[in-house]
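Q: I'd like to ask you about the structure that follows.
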Amino acid sequence: MKIGLLIAVDRELEAFLKSGEERTEETVANRTIYKTRMEGHEIFAIRSGCGQIDAAAATMLLIVHCGCELILNFGVTGALDAELKVEDLFVVEKVCHYDFDVTAFEAVKPGQYEEYADEFIPLDAELAQLAAERIPGIRKVADASGDKFVEDRAEKLRLRNMGCSICDMEIAAIARTCERSGVKCLSIKCISDTFDGNGEDFNTNVRRSAEKAFAVIREVLKVL
């Protein structure tokens with residue numbers, strides 16, 4: 001199977017680059033695409049950059065240029081629940097693009113696209129369940145995804161009250177691009193900054209947490 005692997009930032013990408021497989025590189029649209037084989041699959045990996053715009057563009061490149069039939073995302077995430085700890089693992093079941101808002105002219109909720117029943121974009125349920133069954137202790141959660149790194153406690157509580165447990169800056173774009181393209185999507189996240197954490201905690205923990213999330217991806221690839 002042709003599988004796209006989308007990673008947001010360099011320090012998360014390092015987990016993939018250190019994995020040991022031989023790989024080739026191609027530059028397309030000013031982005032580097034790394035091609036290798038893992039667990040019997042043809043893998044195309046790309047670093048998207050932070051935020052929804054770059055994530056959507058990179059996802060579409062993997063689908064259209066590389067012909068990927070499945071998109072896997074891994075990376076670090078922030079906690080919206082005080083009980084969550086650094087290196088806790090999650091599989092994203094659904095995501096709210098919380099700073100998307102067309103309520104001024106559509107009868108929808110903040111964060112809701114009109115074609116969905118509520119403010120959550122679904123990810124592939126079978127893949128999420130597969131990961132949950134494969135990895136002891138991993139939890140299925142709802143993710144709040146927007147174009148900012150959330151440090152403010154009040155904002156974290158607001159997103160938690162929307163029903164989300166974690167937050168990031170890319171998966172809403174990845175999930176929506178995949179859903180509209182008819183491509184399945186799986187996202188594995190690992191806590192880098194806790195509810196009381198900030199950007200410094202991200203910098204301290206990003207590499208270690210990204211490596212743990214990538215290890216889950218390797219396990220899932222074995223059973224696809």
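Each chain in the structure tokens gets a letter, A, B, ..., in the order shown, and its residues are numbered from 1; ligands are numbered from 1 in order too.
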Give one line per residue of segment 91-132 of chain A that approaches segment 50-67 of chain A to at most 12 Å, naming the two atoms of the closest pair and their distance in Å to one decimal, counting only C-alpha atoms; sort by chain then ascending residue number and deliver it as a tab-separated table.

A:
residue	atom	partner	partner_atom	distance
A:His97	CA	A:Gln52	CA	9.2
A:Tyr98	CA	A:Gln52	CA	11.6
A:Asp99	CA	A:Gln52	CA	10.7
A:Phe100	CA	A:Gln52	CA	10.8

Q: Give me the residues near segment 145-156 of chain A as a ChimeraX atom specification, where near means some atom within 9 Å (using only C-alpha atoms) and where sequence neighbours in that chain fewer than 6 positions away do not count.

A: /A:50-53,78-81,95-100,166-173,195-199

Q: Keeping N, CA and C atoms, export the residues of the selection given above as a compact mmCIF listing (two decimals), in the first residue's frame.

A:
# COMPACT_ATOMS: atom_id res chain seq x y z
N CYS A 50 4.16 24.05 10.57
CA CYS A 50 3.09 24.28 11.54
C CYS A 50 1.85 24.88 10.89
N GLY A 51 0.69 24.53 11.41
CA GLY A 51 -0.54 25.21 11.06
C GLY A 51 -1.36 24.50 10.00
N GLN A 52 -2.63 24.93 9.92
CA GLN A 52 -3.61 24.27 9.06
C GLN A 52 -3.30 24.42 7.57
N ILE A 53 -2.86 25.60 7.13
CA ILE A 53 -2.62 25.83 5.70
C ILE A 53 -1.52 24.91 5.19
N GLY A 78 -0.75 19.12 23.02
CA GLY A 78 -0.91 19.74 24.32
C GLY A 78 -2.11 19.14 25.05
N ALA A 79 -2.03 19.08 26.38
CA ALA A 79 -3.09 18.51 27.20
C ALA A 79 -4.11 19.58 27.58
N LEU A 80 -5.39 19.21 27.49
CA LEU A 80 -6.48 20.07 27.94
C LEU A 80 -7.09 19.58 29.25
N ASP A 81 -6.53 18.53 29.78
CA ASP A 81 -7.01 17.90 31.01
C ASP A 81 -5.84 17.84 31.98
N VAL A 95 -11.99 15.52 15.42
CA VAL A 95 -11.28 16.78 15.66
C VAL A 95 -12.20 17.96 15.40
N CYS A 96 -12.09 18.97 16.24
CA CYS A 96 -12.82 20.22 16.05
C CYS A 96 -11.85 21.30 15.60
N HIS A 97 -12.12 21.88 14.44
CA HIS A 97 -11.34 23.03 13.95
C HIS A 97 -11.91 24.26 14.67
N TYR A 98 -11.46 24.48 15.90
CA TYR A 98 -12.17 25.36 16.82
C TYR A 98 -12.14 26.84 16.45
N ASP A 99 -11.16 27.27 15.63
CA ASP A 99 -11.17 28.68 15.24
C ASP A 99 -11.77 28.91 13.86
N PHE A 100 -12.44 27.90 13.32
CA PHE A 100 -13.25 28.06 12.11
C PHE A 100 -14.65 28.47 12.55
N ILE A 166 -7.20 17.00 24.00
CA ILE A 166 -5.89 17.45 23.57
C ILE A 166 -6.04 18.53 22.50
N CYS A 167 -4.93 19.23 22.22
CA CYS A 167 -4.97 20.27 21.18
C CYS A 167 -3.70 20.23 20.34
N ASP A 168 -3.86 20.60 19.07
CA ASP A 168 -2.72 20.65 18.17
C ASP A 168 -2.98 21.72 17.10
N MET A 169 -2.12 21.76 16.06
CA MET A 169 -2.23 22.81 15.05
C MET A 169 -2.39 22.29 13.62
N GLU A 170 -2.55 20.99 13.43
CA GLU A 170 -2.58 20.46 12.06
C GLU A 170 -3.70 19.46 11.74
N ILE A 171 -4.16 18.69 12.70
CA ILE A 171 -4.96 17.52 12.34
C ILE A 171 -6.32 17.89 11.76
N ALA A 172 -6.88 19.05 12.08
CA ALA A 172 -8.15 19.42 11.44
C ALA A 172 -7.98 19.51 9.93
N ALA A 173 -6.90 20.14 9.49
CA ALA A 173 -6.65 20.28 8.05
C ALA A 173 -6.38 18.93 7.41
N PHE A 195 -1.40 20.38 30.97
CA PHE A 195 -2.37 21.46 31.15
C PHE A 195 -1.70 22.71 31.70
N ASP A 196 -0.74 22.55 32.58
CA ASP A 196 -0.02 23.70 33.15
C ASP A 196 1.25 24.01 32.37
N GLY A 197 1.46 23.33 31.26
CA GLY A 197 2.68 23.50 30.49
C GLY A 197 2.62 24.66 29.52
N ASN A 198 3.76 24.89 28.83
CA ASN A 198 3.87 26.01 27.90
C ASN A 198 4.86 25.65 26.80
N GLY A 199 5.29 26.66 26.05
CA GLY A 199 6.21 26.43 24.95
C GLY A 199 7.54 25.86 25.38

Q: Let me make sure I understand: among A:Thr24, A:Ala213, A:Val76, A:Asn30, which one has the smallest atom-to-atom distance to Val9 of chain A if we use only C-alpha atoms?

A: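 Looking at the shortest contact to Val9 of chain A, the residue is A:Val76.
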
Q: Find the residue from A:Arg207, A:Glu25, A:Gly137, A:Ala144 that sits nearest to Gly111 of chain A; use only C-alpha atoms when measuring.

A: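 Closest to Gly111 of chain A of all the choices is A:Ala144.
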
Q: Taking only C-alpha atoms into account, which of A:Thr194, A:Ser48, A:Ser181, A:Ser209 comes nearest Ile7 of chain A?

A: A:Ser48

Q: Env of Glu26 of chain A: 12 Å cut, atoms = only C-alpha atoms, seq-sep filter 2 positions within chain, self excluded. Answer as a compact mmCIF listing (two decimals) with C-alpha atoms, in the first residue's frame.

A:
# COMPACT_ATOMS: atom_id res chain seq x y z
CA ARG A 23 15.32 6.20 1.63
CA THR A 24 15.39 8.49 -1.35
CA VAL A 28 8.21 18.86 -5.13
CA ALA A 29 6.65 22.32 -4.73
CA ASN A 30 9.60 23.32 -2.53
CA ARG A 31 8.96 20.43 -0.15
CA THR A 32 11.12 17.37 0.46
CA ILE A 33 9.35 14.03 0.14
CA TYR A 34 11.17 11.07 1.68
CA LYS A 35 10.44 7.70 0.11
CA THR A 36 11.16 4.37 1.84
CA PHE A 44 6.10 8.79 1.47
CA ALA A 45 6.98 11.12 4.37
CA ILE A 46 6.77 14.89 4.39
CA HIS A 65 1.48 13.64 -6.39
CA CYS A 66 2.43 10.45 -4.53

Q: Go through segment 99-139 of chain A and flag each residue having an atom no more than 10 Å from segment 174-177 of chain A; for those, report the closest pair of atoms plus their distance in Å to one decimal, using only C-alpha atoms, ordered by chain and rising number, as CSV.

A:
residue,atom,partner,partner_atom,distance
A:Tyr113,CA,A:Arg176,CA,9.8
A:Ile121,CA,A:Arg176,CA,6.7
A:Pro122,CA,A:Ala175,CA,7.4
A:Leu123,CA,A:Ala175,CA,6.2
A:Asp124,CA,A:Ala175,CA,9.0

Q: Hey, which of A:Asp201, A:Glu126, A:Glu69, A:Glu93 ends up closest to Gly182 of chain A? Count only C-alpha atoms.

A: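 So, comparing all the options, the nearest one is A:Glu69.
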
Q: DSSP on the backbone, then: every residue of segment 8-74 of chain A marked strand (DSSP E), written as a list in words.

A: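 For segment 8-74 of chain A, the strand (DSSP E) set is Thr24, Glu25, Glu26, Thr27, Val28, Arg31, Thr32, Ile33, Tyr34, Lys35, Thr36, Arg37, Met38, His41, Glu42, Ile43, Phe44, Ala45, Ile46, Arg47, Leu70, Ile71, Leu72, Asn73 and Phe74 of chain A.
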
Q: What separation in Å, quoted to one decimal, exists between atom CA of Leu6 of chain A and atom CA of Asn161 of chain A?

A: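 Going from atom CA of Leu6 of chain A over to atom CA of Asn161 of chain A covers 28.6 Å.
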
Q: Which residue, A:Glu39, A:Glu106, A:Asp101, A:Asp88, has the smallest gap to Asn205 of chain A when you use only C-alpha atoms?

A: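 Comparing A:Glu39, A:Glu106, A:Asp101, A:Asp88 against Asn205 of chain A, the winner is A:Asp88.
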
Q: Using only C-alpha atoms, which residues sit within 10 Å of Glu42 of chain A once same-chain residues fewer than 4 positions away are excluded, as a PyMOL selection string?

A: chain A and resi 1-4+35-38+68

Q: May I have the residues within 10 Å of Ala210 of chain A as a PyMOL selection string, using only C-alpha atoms and disregarding those fewer than 3 positions away in the same chain?

A: chain A and resi 7+11-16+74-77+87+188-192+205-207+213-215

Q: Can you write just those residues out, N, CA and C atoms, as a PDB file, in the first residue's frame?

A:
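Written output follows (again27.pdb):
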ATOM      1  N   ILE A   7       4.242  14.814   9.012  1.00  0.00           N
ATOM      2  CA  ILE A   7       4.837  15.255  10.268  1.00  0.00           C
ATOM      3  C   ILE A   7       4.966  16.772  10.223  1.00  0.00           C
ATOM      4  N   ARG A  11      11.742  18.610  14.540  1.00  0.00           N
ATOM      5  CA  ARG A  11      12.084  17.810  15.720  1.00  0.00           C
ATOM      6  C   ARG A  11      11.187  16.583  15.853  1.00  0.00           C
ATOM      7  N   GLU A  12      10.010  16.608  15.245  1.00  0.00           N
ATOM      8  CA  GLU A  12       9.180  15.400  15.168  1.00  0.00           C
ATOM      9  C   GLU A  12       9.661  14.513  14.019  1.00  0.00           C
ATOM     10  N   LEU A  13      10.040  15.131  12.914  1.00  0.00           N
ATOM     11  CA  LEU A  13      10.532  14.394  11.747  1.00  0.00           C
ATOM     12  C   LEU A  13      11.758  13.552  12.082  1.00  0.00           C
ATOM     13  N   GLU A  14      12.564  14.000  13.033  1.00  0.00           N
ATOM     14  CA  GLU A  14      13.782  13.272  13.400  1.00  0.00           C
ATOM     15  C   GLU A  14      13.490  11.823  13.775  1.00  0.00           C
ATOM     16  N   ALA A  15      12.337  11.574  14.401  1.00  0.00           N
ATOM     17  CA  ALA A  15      11.987  10.204  14.781  1.00  0.00           C
ATOM     18  C   ALA A  15      11.922   9.305  13.557  1.00  0.00           C
ATOM     19  N   PHE A  16      11.346   9.806  12.468  1.00  0.00           N
ATOM     20  CA  PHE A  16      11.293   9.051  11.217  1.00  0.00           C
ATOM     21  C   PHE A  16      12.676   8.944  10.584  1.00  0.00           C
ATOM     22  N   PHE A  74       1.669  11.596  12.873  1.00  0.00           N
ATOM     23  CA  PHE A  74       2.077  11.442  14.258  1.00  0.00           C
ATOM     24  C   PHE A  74       2.754  12.722  14.711  1.00  0.00           C
ATOM     25  N   GLY A  75       2.711  12.952  16.008  1.00  0.00           N
ATOM     26  CA  GLY A  75       3.364  14.141  16.536  1.00  0.00           C
ATOM     27  C   GLY A  75       2.976  14.386  17.980  1.00  0.00           C
ATOM     28  N   VAL A  76       3.398  15.528  18.479  1.00  0.00           N
ATOM     29  CA  VAL A  76       3.145  15.865  19.879  1.00  0.00           C
ATOM     30  C   VAL A  76       1.883  16.708  19.990  1.00  0.00           C
ATOM     31  N   THR A  77       1.390  16.828  21.215  1.00  0.00           N
ATOM     32  CA  THR A  77       0.132  17.520  21.447  1.00  0.00           C
ATOM     33  C   THR A  77       0.133  18.139  22.827  1.00  0.00           C
ATOM     34  N   GLU A  87       4.090  12.272  27.635  1.00  0.00           N
ATOM     35  CA  GLU A  87       4.270  10.954  27.010  1.00  0.00           C
ATOM     36  C   GLU A  87       3.026  10.087  27.052  1.00  0.00           C
ATOM     37  N   ILE A 188      -1.815   9.779  15.469  1.00  0.00           N
ATOM     38  CA  ILE A 188      -1.323   9.356  16.773  1.00  0.00           C
ATOM     39  C   ILE A 188      -0.626  10.548  17.427  1.00  0.00           C
ATOM     40  N   LYS A 189      -1.040  10.884  18.637  1.00  0.00           N
ATOM     41  CA  LYS A 189      -0.493  12.039  19.345  1.00  0.00           C
ATOM     42  C   LYS A 189       0.078  11.614  20.697  1.00  0.00           C
ATOM     43  N   CYS A 190       1.121  12.336  21.136  1.00  0.00           N
ATOM     44  CA  CYS A 190       1.762  12.076  22.415  1.00  0.00           C
ATOM     45  C   CYS A 190       1.970  13.416  23.125  1.00  0.00           C
ATOM     46  N   ILE A 191       1.615  13.482  24.409  1.00  0.00           N
ATOM     47  CA  ILE A 191       1.679  14.736  25.155  1.00  0.00           C
ATOM     48  C   ILE A 191       3.119  15.238  25.270  1.00  0.00           C
ATOM     49  N   SER A 192       3.316  16.511  24.894  1.00  0.00           N
ATOM     50  CA  SER A 192       4.602  17.180  25.128  1.00  0.00           C
ATOM     51  C   SER A 192       4.463  18.253  26.202  1.00  0.00           C
ATOM     52  N   ASN A 205      10.282  18.456  25.618  1.00  0.00           N
ATOM     53  CA  ASN A 205       9.745  17.101  25.464  1.00  0.00           C
ATOM     54  C   ASN A 205       9.449  16.668  24.038  1.00  0.00           C
ATOM     55  N   VAL A 206       9.545  17.570  23.063  1.00  0.00           N
ATOM     56  CA  VAL A 206       9.048  17.265  21.726  1.00  0.00           C
ATOM     57  C   VAL A 206       9.730  16.054  21.114  1.00  0.00           C
ATOM     58  N   ARG A 207      11.029  15.940  21.223  1.00  0.00           N
ATOM     59  CA  ARG A 207      11.713  14.818  20.570  1.00  0.00           C
ATOM     60  C   ARG A 207      11.320  13.485  21.207  1.00  0.00           C
ATOM     61  N   ALA A 213       5.329   8.486  19.777  1.00  0.00           N
ATOM     62  CA  ALA A 213       4.211   8.446  18.832  1.00  0.00           C
ATOM     63  C   ALA A 213       4.594   7.692  17.559  1.00  0.00           C
ATOM     64  N   PHE A 214       5.815   7.894  17.086  1.00  0.00           N
ATOM     65  CA  PHE A 214       6.263   7.201  15.873  1.00  0.00           C
ATOM     66  C   PHE A 214       6.347   5.691  16.103  1.00  0.00           C
ATOM     67  N   ALA A 215       6.712   5.279  17.302  1.00  0.00           N
ATOM     68  CA  ALA A 215       6.756   3.842  17.607  1.00  0.00           C
ATOM     69  C   ALA A 215       5.376   3.214  17.448  1.00  0.00           C
TER      70      ALA A 215
END
